[in-house]
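What follows is final-v3.txt (compact mmCIF, C-alpha atoms).
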```txt
# COMPACT_ATOMS: atom_id res chain seq x y z
CA MET C 1 0.00 0.00 0.00
CA ALA C 2 1.86 3.02 -1.28
CA TYR C 3 1.08 6.46 0.06
CA GLN C 4 -0.66 8.76 -2.41
CA TRP C 5 1.24 12.03 -2.51
CA ASP C 6 -0.97 15.04 -3.12
CA PHE C 7 0.51 18.53 -3.18
CA THR C 8 -2.64 20.41 -4.24
CA PRO C 9 -3.84 21.20 -0.66
CA VAL C 10 -0.39 22.67 0.08
CA LEU C 11 -0.24 24.66 -3.16
CA ALA C 12 -3.69 26.08 -2.37
CA ASN C 13 -2.03 27.73 0.64
CA THR C 14 0.76 29.41 -1.32
CA PRO C 15 -0.14 32.91 -0.02
CA LEU C 16 0.31 31.70 3.57
CA LEU C 17 3.72 30.21 2.72
CA ALA C 18 4.75 33.38 0.86
CA GLN C 19 3.77 35.55 3.83
CA GLY C 20 5.70 33.17 6.10
CA LEU C 21 8.82 33.42 3.95
CA LEU C 22 8.48 37.21 3.94
CA ASN C 23 8.31 37.23 7.76
CA THR C 24 11.35 34.93 7.94
CA LEU C 25 13.28 37.39 5.76
CA LYS C 26 12.02 40.31 7.87
CA VAL C 27 13.28 38.81 11.15
CA THR C 28 16.56 37.78 9.50
CA GLY C 29 17.17 41.18 7.89
CA THR C 30 16.35 43.23 10.98
CA SER C 31 18.44 41.02 13.28
CA LEU C 32 21.31 41.08 10.78
CA VAL C 33 21.48 44.89 10.73
CA PHE C 34 21.37 45.22 14.53
CA GLY C 35 23.60 42.17 14.99
CA LEU C 36 26.37 43.53 12.73
CA ALA C 37 26.34 46.97 14.38
CA LEU C 38 26.26 45.57 17.90
CA GLY C 39 28.87 42.95 16.96
CA LEU C 40 31.31 45.61 15.78
CA ALA C 41 30.73 47.60 18.98
CA LEU C 42 31.32 44.50 21.11
CA ALA C 43 34.50 43.65 19.20
CA LEU C 44 35.93 47.16 19.65
CA LEU C 45 35.07 47.12 23.35
CA ARG C 46 36.67 43.71 23.78
CA LEU C 47 39.83 44.91 22.07
CA SER C 48 40.00 47.99 24.29
CA PRO C 49 43.06 48.16 26.55
CA ARG C 50 40.75 49.25 29.40
CA ARG C 51 39.54 46.27 31.39
CA ALA C 52 36.35 48.13 32.38
CA PHE C 53 35.32 47.94 28.69
CA ALA C 54 36.96 44.71 27.60
CA TRP C 55 35.73 42.52 30.44
CA PRO C 56 31.94 43.14 30.25
CA ALA C 57 32.04 42.88 26.43
CA GLY C 58 33.87 39.56 26.75
CA LEU C 59 31.28 38.32 29.24
CA VAL C 60 28.33 39.20 26.96
CA ILE C 61 30.04 37.50 24.01
CA GLU C 62 30.81 34.32 25.97
CA VAL C 63 27.37 34.04 27.60
CA PHE C 64 25.52 34.45 24.31
CA ARG C 65 27.83 32.07 22.46
CA THR C 66 27.58 29.47 25.20
CA THR C 67 23.83 29.29 25.95
CA PRO C 68 21.33 27.74 23.50
CA PRO C 69 19.51 30.30 21.31
CA LEU C 70 16.12 28.76 22.15
CA VAL C 71 16.73 29.30 25.88
CA GLN C 72 17.67 32.92 25.11
CA LEU C 73 14.52 33.39 23.04
CA PHE C 74 12.29 32.03 25.82
CA TRP C 75 14.07 34.21 28.35
CA PHE C 76 13.55 37.38 26.29
CA PHE C 77 9.95 36.48 25.42
CA PHE C 78 8.64 35.12 28.73
CA ALA C 79 10.96 36.49 31.43
CA LEU C 80 12.23 39.92 30.31
CA PRO C 81 8.80 41.58 29.81
CA LEU C 82 7.86 40.70 33.42
CA LEU C 83 11.20 41.87 34.69
CA VAL C 84 11.10 45.33 33.13
CA GLY C 85 7.32 45.70 32.82
CA ILE C 86 7.05 46.18 29.06
CA GLU C 87 4.94 44.48 26.41
CA MET C 88 7.00 42.40 24.02
CA THR C 89 5.65 41.00 20.77
CA ALA C 90 7.05 37.74 19.40
CA PHE C 91 8.73 39.77 16.63
CA MET C 92 10.44 42.08 19.11
CA ALA C 93 11.61 39.22 21.30
CA ALA C 94 12.99 37.45 18.24
CA VAL C 95 14.83 40.53 16.95
CA VAL C 96 16.32 41.29 20.40
CA THR C 97 17.45 37.67 20.89
CA PHE C 98 18.87 37.08 17.43
CA SER C 99 20.53 40.50 17.27
CA ILE C 100 22.46 39.95 20.51
CA GLN C 101 23.10 36.28 19.76
CA SER C 102 24.45 36.92 16.27
CA ALA C 103 26.34 39.99 17.54
CA ALA C 104 28.27 37.71 19.92
CA PHE C 105 29.41 35.59 16.95
CA PHE C 106 29.96 38.57 14.63
CA ALA C 107 32.08 40.21 17.35
CA GLU C 108 34.53 37.30 17.25
CA VAL C 109 34.75 37.54 13.46
CA PHE C 110 35.41 41.30 13.64
CA ARG C 111 37.95 40.82 16.39
CA GLY C 112 39.74 38.08 14.44
CA GLY C 113 39.82 40.31 11.35
CA ILE C 114 41.13 43.36 13.21
CA VAL C 115 43.79 41.36 15.06
CA SER C 116 44.94 39.81 11.76
CA ILE C 117 46.05 43.21 10.41
CA GLU C 118 49.73 43.48 11.04
CA ARG C 119 51.10 45.82 13.67
CA GLY C 120 52.98 47.99 11.14
CA GLN C 121 49.69 49.32 9.75
CA TRP C 122 48.85 50.77 13.16
CA ASP C 123 52.33 52.21 13.57
CA GLY C 124 52.21 53.78 10.13
CA ALA C 125 48.82 55.40 10.81
CA ARG C 126 50.09 56.74 14.12
CA ALA C 127 53.28 58.03 12.51
CA ILE C 128 51.30 60.23 10.12
CA GLY C 129 49.43 61.69 13.09
CA MET C 130 46.17 59.71 13.13
CA SER C 131 44.34 59.11 16.40
CA HIS C 132 43.40 55.54 17.44
CA ALA C 133 39.85 56.01 16.11
CA GLN C 134 41.06 57.47 12.81
CA ALA C 135 43.56 54.67 12.30
CA LEU C 136 40.87 52.09 12.98
CA HIS C 137 38.32 53.75 10.75
CA ARG C 138 40.56 54.69 7.80
CA ILE C 139 43.35 52.12 7.80
CA ILE C 140 42.55 48.99 9.77
CA LEU C 141 38.82 48.33 9.22
CA PRO C 142 38.83 48.78 5.41
CA GLN C 143 41.53 46.09 5.15
CA ALA C 144 40.02 43.85 7.82
CA VAL C 145 36.47 43.89 6.45
CA LYS C 146 37.60 42.27 3.22
CA ARG C 147 39.09 39.35 5.13
CA MET C 148 36.01 39.04 7.32
CA ILE C 149 33.38 38.88 4.56
CA PRO C 150 33.29 35.07 4.08
CA ALA C 151 32.98 34.40 7.82
CA LEU C 152 30.35 37.14 8.18
CA MET C 153 28.28 35.65 5.35
CA GLU C 154 28.53 32.21 6.93
CA ARG C 155 27.21 33.64 10.21
CA ALA C 156 24.40 35.48 8.39
CA ILE C 157 23.29 32.17 6.87
CA GLU C 158 23.39 30.56 10.32
CA LEU C 159 21.21 33.45 11.52
CA MET C 160 18.57 32.75 8.89
CA LYS C 161 18.42 29.10 9.95
CA THR C 162 18.19 30.10 13.61
CA THR C 163 15.16 32.33 12.95
CA THR C 164 13.02 29.18 12.57
CA LEU C 165 12.98 29.11 16.39
CA VAL C 166 10.43 31.97 16.36
CA ALA C 167 7.82 29.44 15.28
CA THR C 168 7.94 28.10 18.88
CA ILE C 169 6.68 31.46 20.19
CA SER C 170 3.98 31.62 17.50
CA TYR C 171 5.48 34.24 15.20
CA ALA C 172 4.13 33.50 11.70
CA ASP C 173 7.40 32.67 9.94
CA LEU C 174 7.69 30.08 7.18
CA LEU C 175 7.95 27.14 9.60
CA PHE C 176 4.96 28.32 11.63
CA ALA C 177 2.92 28.73 8.43
CA ALA C 178 3.89 25.18 7.40
CA ASN C 179 2.80 23.81 10.77
CA GLU C 180 -0.54 25.59 10.44
CA ILE C 181 -1.11 24.30 6.89
CA ALA C 182 -0.16 20.76 7.94
CA GLN C 183 -2.78 20.77 10.66
CA LYS C 184 -5.43 22.34 8.44
CA THR C 185 -4.97 20.05 5.44
CA PHE C 186 -3.93 16.84 7.25
CA ARG C 187 -1.02 16.71 4.80
CA PRO C 188 2.07 17.02 7.05
CA LEU C 189 4.29 15.01 4.70
CA GLU C 190 3.71 17.25 1.69
CA THR C 191 3.65 20.48 3.71
CA PHE C 192 6.87 19.94 5.66
CA THR C 193 8.59 18.64 2.54
CA VAL C 194 7.63 21.80 0.64
CA ALA C 195 8.74 23.99 3.57
CA ALA C 196 12.10 22.18 3.76
CA LEU C 197 12.59 22.65 0.00
CA ILE C 198 11.80 26.38 0.19
CA TYR C 199 14.33 26.80 3.00
CA PHE C 200 16.87 24.79 1.03
CA VAL C 201 16.46 26.87 -2.14
CA VAL C 202 16.76 30.20 -0.32
CA ILE C 203 19.65 29.20 1.97
CA PHE C 204 21.54 27.29 -0.72
CA ALA C 205 21.32 30.33 -3.00
CA PHE C 206 22.89 32.47 -0.27
CA SER C 207 25.56 29.82 0.33
CA LEU C 208 26.52 29.74 -3.35
CA LEU C 209 26.68 33.53 -3.38
CA ALA C 210 28.95 33.45 -0.32
CA GLN C 211 31.23 30.86 -1.94
CA GLN C 212 31.50 32.89 -5.13
CA LEU C 213 32.34 36.03 -3.18
CA GLU C 214 34.93 34.11 -1.20
CA ARG C 215 36.55 32.84 -4.39
CA ARG C 216 36.65 36.33 -5.88
CA LEU C 217 38.27 37.72 -2.73
CA ALA C 218 40.79 34.89 -2.76
CA VAL C 219 41.66 35.61 -6.39
CA SER C 220 42.38 39.25 -5.59
CA GLY C 221 45.28 38.04 -3.48
CA GLU C 222 43.99 38.47 0.07
CA SER C 223 44.00 35.62 2.52
CA THR C 224 40.77 35.15 4.46
CA VAL C 225 40.21 34.49 8.14
CA HIS C 226 37.65 32.22 9.68
CA MET K 1 10.03 42.72 41.14
CA ARG K 2 11.63 40.41 43.69
CA TRP K 3 13.53 37.37 42.52
CA ASP K 4 12.49 34.20 44.27
CA PHE K 5 14.27 31.01 43.34
CA ALA K 6 12.53 28.96 46.06
CA SER K 7 9.86 27.85 43.58
CA VAL K 8 12.60 26.64 41.23
CA PHE K 9 14.50 24.76 43.93
CA ALA K 10 11.22 23.10 44.96
CA ASN K 11 11.23 21.54 41.49
CA THR K 12 14.78 20.19 41.55
CA ASP K 13 13.47 16.71 40.69
CA ALA K 14 11.87 17.96 37.50
CA LEU K 15 15.10 19.75 36.51
CA LEU K 16 17.16 16.63 37.24
CA ALA K 17 14.85 14.61 35.00
CA GLY K 18 15.32 17.29 32.36
CA ALA K 19 19.10 17.22 32.74
CA ALA K 20 19.05 13.42 32.36
CA GLY K 21 16.99 13.81 29.18
CA THR K 22 19.37 16.45 27.82
CA LEU K 23 22.45 14.30 28.52
CA ARG K 24 20.80 11.24 26.97
CA ILE K 25 19.91 12.90 23.67
CA PHE K 26 23.28 14.69 23.63
CA ALA K 27 25.13 11.36 23.97
CA ILE K 28 23.04 9.75 21.21
CA CYS K 29 23.51 12.66 18.79
CA LEU K 30 27.21 13.03 19.58
CA VAL K 31 27.95 9.38 18.74
CA LEU K 32 25.62 9.16 15.72
CA GLY K 33 26.47 12.64 14.40
CA LEU K 34 30.26 12.42 14.62
CA GLY K 35 30.29 8.73 13.61
CA LEU K 36 28.09 9.13 10.55
CA GLY K 37 29.98 12.34 9.77
CA LEU K 38 33.22 10.37 9.37
CA VAL K 39 31.52 7.99 6.90
CA VAL K 40 30.05 10.89 4.90
CA GLY K 41 33.35 12.81 5.11
CA LEU K 42 35.23 9.86 3.62
CA GLY K 43 32.55 9.69 0.92
CA ARG K 44 33.14 13.37 0.14
CA TYR K 45 36.86 12.60 -0.16
CA ALA K 46 36.34 9.58 -2.44
CA ARG K 47 37.31 9.69 -6.10
CA THR K 48 34.45 7.49 -7.39
CA LYS K 49 31.39 9.57 -8.12
CA TRP K 50 29.09 6.85 -6.74
CA LEU K 51 30.36 7.74 -3.30
CA TYR K 52 31.15 11.39 -3.87
CA LEU K 53 27.80 12.52 -5.31
CA PRO K 54 25.43 11.05 -2.68
CA ALA K 55 27.73 12.24 0.13
CA THR K 56 27.83 15.74 -1.35
CA ALA K 57 24.05 15.87 -1.82
CA PHE K 58 23.61 14.77 1.80
CA VAL K 59 26.01 17.40 3.12
CA GLU K 60 24.52 20.24 1.05
CA PHE K 61 20.94 19.37 1.92
CA PHE K 62 21.46 19.05 5.66
CA ARG K 63 23.77 22.06 5.93
CA ASN K 64 21.37 24.29 4.02
CA THR K 65 18.13 23.56 5.86
CA PRO K 66 17.34 24.58 9.45
CA VAL K 67 17.66 21.77 11.99
CA LEU K 68 14.24 22.58 13.52
CA VAL K 69 12.62 21.98 10.13
CA GLN K 70 14.42 18.64 9.94
CA ILE K 71 13.21 17.62 13.41
CA LEU K 72 9.59 18.56 12.62
CA TRP K 73 9.84 16.73 9.31
CA PHE K 74 10.97 13.54 11.05
CA TYR K 75 8.27 13.94 13.69
CA PHE K 76 5.24 14.90 11.60
CA ALA K 77 6.04 13.86 8.02
CA LEU K 78 8.13 10.67 8.23
CA PRO K 79 5.54 8.61 10.21
CA ILE K 80 3.19 8.94 7.21
CA LEU K 81 5.66 6.93 5.13
CA MET K 82 6.49 4.49 7.94
CA PRO K 83 4.32 1.74 9.36
CA PHE K 84 5.28 2.74 12.92
CA GLU K 85 5.16 5.72 15.28
CA ILE K 86 8.23 7.91 15.74
CA SER K 87 8.89 9.05 19.30
CA PRO K 88 9.95 12.63 20.13
CA LEU K 89 13.38 11.28 21.12
CA ALA K 90 13.78 9.42 17.80
CA ALA K 91 12.64 12.39 15.69
CA ALA K 92 14.84 14.91 17.50
CA SER K 93 17.84 12.53 17.49
CA LEU K 94 17.46 11.90 13.76
CA GLY K 95 17.27 15.61 12.95
CA ILE K 96 20.18 16.66 15.17
CA SER K 97 22.39 13.66 14.27
CA LEU K 98 21.98 13.98 10.50
CA ASN K 99 22.50 17.75 10.68
CA SER K 100 25.65 17.29 12.78
CA ALA K 101 26.87 14.52 10.47
CA ALA K 102 26.72 16.95 7.54
CA PHE K 103 28.72 19.61 9.42
CA SER K 104 31.28 17.21 10.91
CA ALA K 105 31.76 15.53 7.50
CA GLU K 106 33.25 18.81 6.28
CA ILE K 107 35.56 18.93 9.31
CA TYR K 108 36.83 15.38 8.61
CA ARG K 109 37.28 16.10 4.92
CA ALA K 110 39.23 19.31 5.54
CA GLY K 111 41.32 17.54 8.19
CA ILE K 112 42.22 14.65 5.89
CA GLN K 113 42.96 16.99 2.98
CA SER K 114 45.31 19.01 5.17
CA ILE K 115 47.66 16.03 5.56
CA ASP K 116 50.64 16.30 3.24
CA GLY K 117 50.60 13.97 0.21
CA GLY K 118 54.01 12.62 1.18
CA GLN K 119 52.44 10.83 4.13
CA TRP K 120 50.26 8.85 1.72
CA ASP K 121 53.22 8.06 -0.54
CA GLY K 122 55.29 6.92 2.42
CA ALA K 123 52.52 4.63 3.66
CA ARG K 124 52.09 3.19 0.18
CA ALA K 125 55.84 2.66 -0.16
CA LEU K 126 55.72 0.54 2.98
CA GLY K 127 53.10 -1.59 1.24
CA MET K 128 50.02 -0.33 3.09
CA ARG K 129 46.64 -0.44 1.40
CA TRP K 130 44.43 2.68 1.20
CA GLY K 131 42.41 1.68 4.27
CA GLN K 132 45.55 0.91 6.28
CA ALA K 133 47.22 4.17 5.30
CA MET K 134 44.10 6.08 6.21
CA ARG K 135 43.64 4.37 9.58
CA ARG K 136 47.26 4.13 10.72
CA ILE K 137 48.95 7.15 9.17
CA VAL K 138 46.58 9.86 7.95
CA LEU K 139 43.67 9.83 10.43
CA PRO K 140 45.78 9.88 13.62
CA GLN K 141 47.55 13.02 12.39
CA ALA K 142 44.39 14.62 11.03
CA ILE K 143 42.39 14.01 14.23
CA LYS K 144 44.71 16.32 16.14
CA ARG K 145 44.04 19.15 13.72
CA MET K 146 40.31 18.45 13.76
CA MET K 147 39.98 18.38 17.55
CA PRO K 148 39.10 22.07 18.12
CA ALA K 149 36.46 22.03 15.34
CA LEU K 150 35.01 18.71 16.53
CA THR K 151 34.77 19.95 20.13
CA ASN K 152 32.99 23.04 18.81
CA ARG K 153 30.57 20.74 17.00
CA ALA K 154 29.93 18.89 20.27
CA ILE K 155 29.05 22.21 21.92
CA GLU K 156 26.68 23.03 19.04
CA ILE K 157 25.04 19.61 19.43
CA PHE K 158 24.55 20.24 23.15
CA LYS K 159 22.85 23.56 22.40
CA MET K 160 20.73 22.00 19.64
CA THR K 161 19.25 19.45 22.05
CA THR K 162 16.95 22.23 23.34
CA LEU K 163 15.10 22.01 19.99
CA ALA K 164 13.79 18.60 21.10
CA SER K 165 11.43 20.56 23.37
CA ALA K 166 9.54 21.57 20.19
CA VAL K 167 8.33 17.96 19.92
CA ALA K 168 7.76 17.75 23.71
CA TYR K 169 10.78 15.55 24.50
CA VAL K 170 11.58 15.84 28.22
CA GLU K 171 14.84 17.81 28.47
CA LEU K 172 15.97 20.85 30.46
CA LEU K 173 14.16 23.57 28.52
CA GLN K 174 10.95 21.53 28.36
CA GLN K 175 11.10 21.12 32.15
CA GLY K 176 11.77 24.85 32.53
CA LYS K 177 8.62 25.55 30.49
CA LEU K 178 6.66 23.18 32.74
CA ILE K 179 7.97 24.76 35.95
CA ALA K 180 7.27 28.27 34.63
CA SER K 181 3.68 27.47 33.69
CA LEU K 182 2.89 25.65 36.96
CA ASN K 183 4.44 28.24 39.29
CA TYR K 184 4.02 31.46 37.26
CA ASN K 185 7.74 32.11 37.69
CA PRO K 186 9.12 32.40 34.12
CA ILE K 187 11.90 34.80 35.20
CA GLU K 188 13.40 32.41 37.72
CA ALA K 189 12.63 29.23 35.76
CA TYR K 190 14.22 30.35 32.47
CA THR K 191 17.13 32.03 34.24
CA ALA K 192 17.79 28.77 36.07
CA VAL K 193 17.74 26.82 32.79
CA ALA K 194 20.14 29.29 31.18
CA VAL K 195 22.51 29.05 34.16
CA ILE K 196 22.44 25.23 34.06
CA PHE K 197 23.44 25.32 30.38
CA LEU K 198 26.26 27.75 31.19
CA VAL K 199 27.51 25.42 33.93
CA PHE K 200 27.56 22.47 31.52
CA LEU K 201 29.04 24.29 28.53
CA TRP K 202 31.42 26.88 29.99
CA PRO K 203 34.15 24.33 30.82
CA LEU K 204 33.75 22.74 27.38
CA VAL K 205 34.14 26.12 25.68
CA GLN K 206 37.27 26.91 27.72
CA PHE K 207 38.61 23.48 26.76
CA THR K 208 38.26 24.30 23.03
CA TYR K 209 40.27 27.49 23.61
CA VAL K 210 43.05 25.41 25.17
CA LEU K 211 42.95 22.99 22.22
CA GLU K 212 43.08 25.85 19.72
CA ARG K 213 46.03 27.48 21.47
CA ARG K 214 47.91 24.18 21.72
CA LEU K 215 47.36 23.45 18.03
CA LYS K 216 48.56 26.91 17.03
CA ARG K 217 51.67 26.48 19.18
CA ASP K 218 52.50 23.04 17.77
CA GLU K 219 52.19 23.94 14.07
```

Would you kindly transcribe this structure into structure tokens?
Amino acid sequence: MAYQWDFTPVLANTPLLAQGLLNTLKVTGTSLVFGLALGLALALLRLSPRRAFAWPAGLVIEVFRTTPPLVQLFWFFFALPLLVGIEMTAFMAAVVTFSIQSAAFFAEVFRGGIVSIERGQWDGARAIGMSHAQALHRIILPQAVKRMIPALMERAIELMKTTTLVATISYADLLFAANEIAQKTFRPLETFTVAALIYFVVIFAFSLLAQQLERRLAVSGESTVH
Amino acid sequence: MRWDFASVFANTDALLAGAAGTLRIFAICLVLGLGLGLVVGLGRYARTKWLYLPATAFVEFFRNTPVLVQILWFYFALPILMPFEISPLAAASLGISLNSAAFSAEIYRAGIQSIDGGQWDGARALGMRWGQAMRRIVLPQAIKRMMPALTNRAIEIFKMTTLASAVAYVELLQQGKLIASLNYNPIEAYTAVAVIFLVFLWPLVQFTYVLERRLKRDE
């Protein structure tokens, strides 16, 4: 007795899947922007010679790299609003969690990139009268960013996969939409297969893009850091 | 807002059951994930396309889909094709293990490729077959280089086990959810769960730093 596959009930719900995918991209994009900015700030603080800056930044990075993202999400969604007395939508909780979580990983990529620039570049910038901030901004970061791009893209792809966790707090992302359609149509096999394929197509496309970029950067003679 | 951990400590039994569940699924996924990863990694390294292509398809598919989607697929979709029920533990273990196999396969492959060709030639000159050279000469050297990345994978697997709560498998986060809903103490319950994970994983993370430093020093 072979199972009769039937994708028509799933295809009838295409708008729901499309809206889900859009919401997935929205959470990913917003968290990516905040995550990159916060990650750079954390990296610069951690590299600071002052322990009062370096130590707390290091602690935030380690705690968010070490605890599971789903635990963080539940904490920000269920615990934080009670603690500070504010309303928190599932979207807000997701963006806060994934921004800080990805920032912790981005920070290590930024730090690795900045540290990889050889000492002489700093000395040269200082010799022509630049301040620390100017040297960082004009000399060090432009060179470091190029080396960091492959690792940053890899982390961004990880971020998109991590956003599926929002389905557990009922934010209508692609996975949540799939779950809803599966229950409505009694076609879990077809629905979850379609959802997995959509994720694969989108994420694989980003991966290929990242690989191509990495190859182009490698051709232009720069080594890359991971 | 006053913190009150008494209601969490009153549920120590539930948390212990959760910790046991977390350690159990972690052990299963660690063995299956890293073991299967070696097989797939060797397949990725193979020269015959009958091994190379399926291994590559496996790696690309499981690396480029979210692990939570894989777990839900195994839990809700696979039973339709199978004549038997799939337990939350089985579904979560399958998802996490296959995902980790795909990632660790790339670690093994990169590790093996990093070994100088001369080592292979030397082993062959002594009359070793491919399997012997791999097992006695190449892998022992490659394992050392792979150790930091493999330990990182183990940490990722440990963190991923929380996703099993999405299919109601009894592990730490699932128990935290239960305690929070019974005692109306989400702040303390989820903070306690986060702290327990830190206690488990912090030493492991520090250990990877030691491994990374040692490797850098030795090479």

- request: Work out how far apart CA of Val95 (chain C) and CA of Glu180 (chain C) are and give it in Å to one decimal.
  value: 22.4 Å

message: Please report the interatomic distance between CA of Val115 (chain C) and CA of Leu201 (chain K) in Å with one decimal.
response: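 Spanning CA of Val115 (chain C) to CA of Leu201 (chain K) is a straight-line distance of 26.3 Å.
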
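Residues lying within 6 Å of region 73-79 of chain C, counting only C-alpha atoms and ignoring same-chain neighbours fewer than 4 positions away, are C:Ala93, C:Thr97, K:Pro186, K:Ile187, K:Tyr190.
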
message: Residues near region 6-8 of chain C, anyone? I mean within 9 Å using only C-alpha atoms, not counting same-chain ones fewer than 3 positions away, as a PyMOL selection string.
response: chain C and resi 11-13+187+190-191+194

task: Enumerate as a ChimeraX atom specification the residues belonging to chain C that approach chain K to within 8 Å, with all atoms listed in the file taken into account.
output: /C:3,63,66-72,74-75,78-80,82-83,161-162,164-165,168,175,188-190,192-193,195-196,199-200,203-204,207

Generate N, CA and C atoms for region 40-57 of chain K and emit them as a PDB file, keeping the file's coordinate frame.
```pdb
ATOM      1  N   VAL K  40      30.414   9.950   5.970  1.00  0.00           N
ATOM      2  CA  VAL K  40      30.050  10.890   4.900  1.00  0.00           C
ATOM      3  C   VAL K  40      31.284  11.683   4.457  1.00  0.00           C
ATOM      4  N   GLY K  41      32.132  12.062   5.425  1.00  0.00           N
ATOM      5  CA  GLY K  41      33.350  12.810   5.110  1.00  0.00           C
ATOM      6  C   GLY K  41      34.275  12.021   4.207  1.00  0.00           C
ATOM      7  N   LEU K  42      34.405  10.708   4.486  1.00  0.00           N
ATOM      8  CA  LEU K  42      35.230   9.860   3.620  1.00  0.00           C
ATOM      9  C   LEU K  42      34.597   9.758   2.240  1.00  0.00           C
ATOM     10  N   GLY K  43      33.262   9.717   2.199  1.00  0.00           N
ATOM     11  CA  GLY K  43      32.550   9.690   0.920  1.00  0.00           C
ATOM     12  C   GLY K  43      32.820  10.944   0.115  1.00  0.00           C
ATOM     13  N   ARG K  44      32.871  12.087   0.797  1.00  0.00           N
ATOM     14  CA  ARG K  44      33.140  13.370   0.140  1.00  0.00           C
ATOM     15  C   ARG K  44      34.568  13.406  -0.407  1.00  0.00           C
ATOM     16  N   TYR K  45      35.445  12.600   0.207  1.00  0.00           N
ATOM     17  CA  TYR K  45      36.860  12.600  -0.160  1.00  0.00           C
ATOM     18  C   TYR K  45      37.127  11.595  -1.284  1.00  0.00           C
ATOM     19  N   ALA K  46      36.131  10.685  -1.493  1.00  0.00           N
ATOM     20  CA  ALA K  46      36.340   9.580  -2.440  1.00  0.00           C
ATOM     21  C   ALA K  46      36.456  10.086  -3.873  1.00  0.00           C
ATOM     22  N   ARG K  47      37.135   9.284  -4.719  1.00  0.00           N
ATOM     23  CA  ARG K  47      37.310   9.690  -6.100  1.00  0.00           C
ATOM     24  C   ARG K  47      36.192   9.142  -6.994  1.00  0.00           C
ATOM     25  N   THR K  48      35.556   8.015  -6.571  1.00  0.00           N
ATOM     26  CA  THR K  48      34.450   7.490  -7.390  1.00  0.00           C
ATOM     27  C   THR K  48      33.208   8.341  -7.153  1.00  0.00           C
ATOM     28  N   LYS K  49      32.530   8.668  -8.258  1.00  0.00           N
ATOM     29  CA  LYS K  49      31.390   9.570  -8.120  1.00  0.00           C
ATOM     30  C   LYS K  49      30.200   8.908  -7.434  1.00  0.00           C
ATOM     31  N   TRP K  50      30.175   7.557  -7.408  1.00  0.00           N
ATOM     32  CA  TRP K  50      29.090   6.850  -6.740  1.00  0.00           C
ATOM     33  C   TRP K  50      29.119   7.063  -5.233  1.00  0.00           C
ATOM     34  N   LEU K  51      30.266   7.401  -4.713  1.00  0.00           N
ATOM     35  CA  LEU K  51      30.360   7.740  -3.300  1.00  0.00           C
ATOM     36  C   LEU K  51      30.307   9.254  -3.112  1.00  0.00           C
ATOM     37  N   TYR K  52      31.001   9.952  -4.015  1.00  0.00           N
ATOM     38  CA  TYR K  52      31.150  11.390  -3.870  1.00  0.00           C
ATOM     39  C   TYR K  52      29.815  12.129  -4.014  1.00  0.00           C
ATOM     40  N   LEU K  53      29.033  11.784  -5.048  1.00  0.00           N
ATOM     41  CA  LEU K  53      27.800  12.520  -5.310  1.00  0.00           C
ATOM     42  C   LEU K  53      26.745  12.392  -4.191  1.00  0.00           C
ATOM     43  N   PRO K  54      26.429  11.141  -3.765  1.00  0.00           N
ATOM     44  CA  PRO K  54      25.430  11.050  -2.680  1.00  0.00           C
ATOM     45  C   PRO K  54      25.918  11.741  -1.398  1.00  0.00           C
ATOM     46  N   ALA K  55      27.196  11.601  -1.081  1.00  0.00           N
ATOM     47  CA  ALA K  55      27.730  12.240   0.130  1.00  0.00           C
ATOM     48  C   ALA K  55      27.612  13.749   0.035  1.00  0.00           C
ATOM     49  N   THR K  56      27.913  14.293  -1.158  1.00  0.00           N
ATOM     50  CA  THR K  56      27.830  15.740  -1.350  1.00  0.00           C
ATOM     51  C   THR K  56      26.387  16.226  -1.258  1.00  0.00           C
ATOM     52  N   ALA K  57      25.463  15.487  -1.880  1.00  0.00           N
ATOM     53  CA  ALA K  57      24.050  15.870  -1.820  1.00  0.00           C
ATOM     54  C   ALA K  57      23.575  15.880  -0.366  1.00  0.00           C
TER      55      ALA K  57
END
```
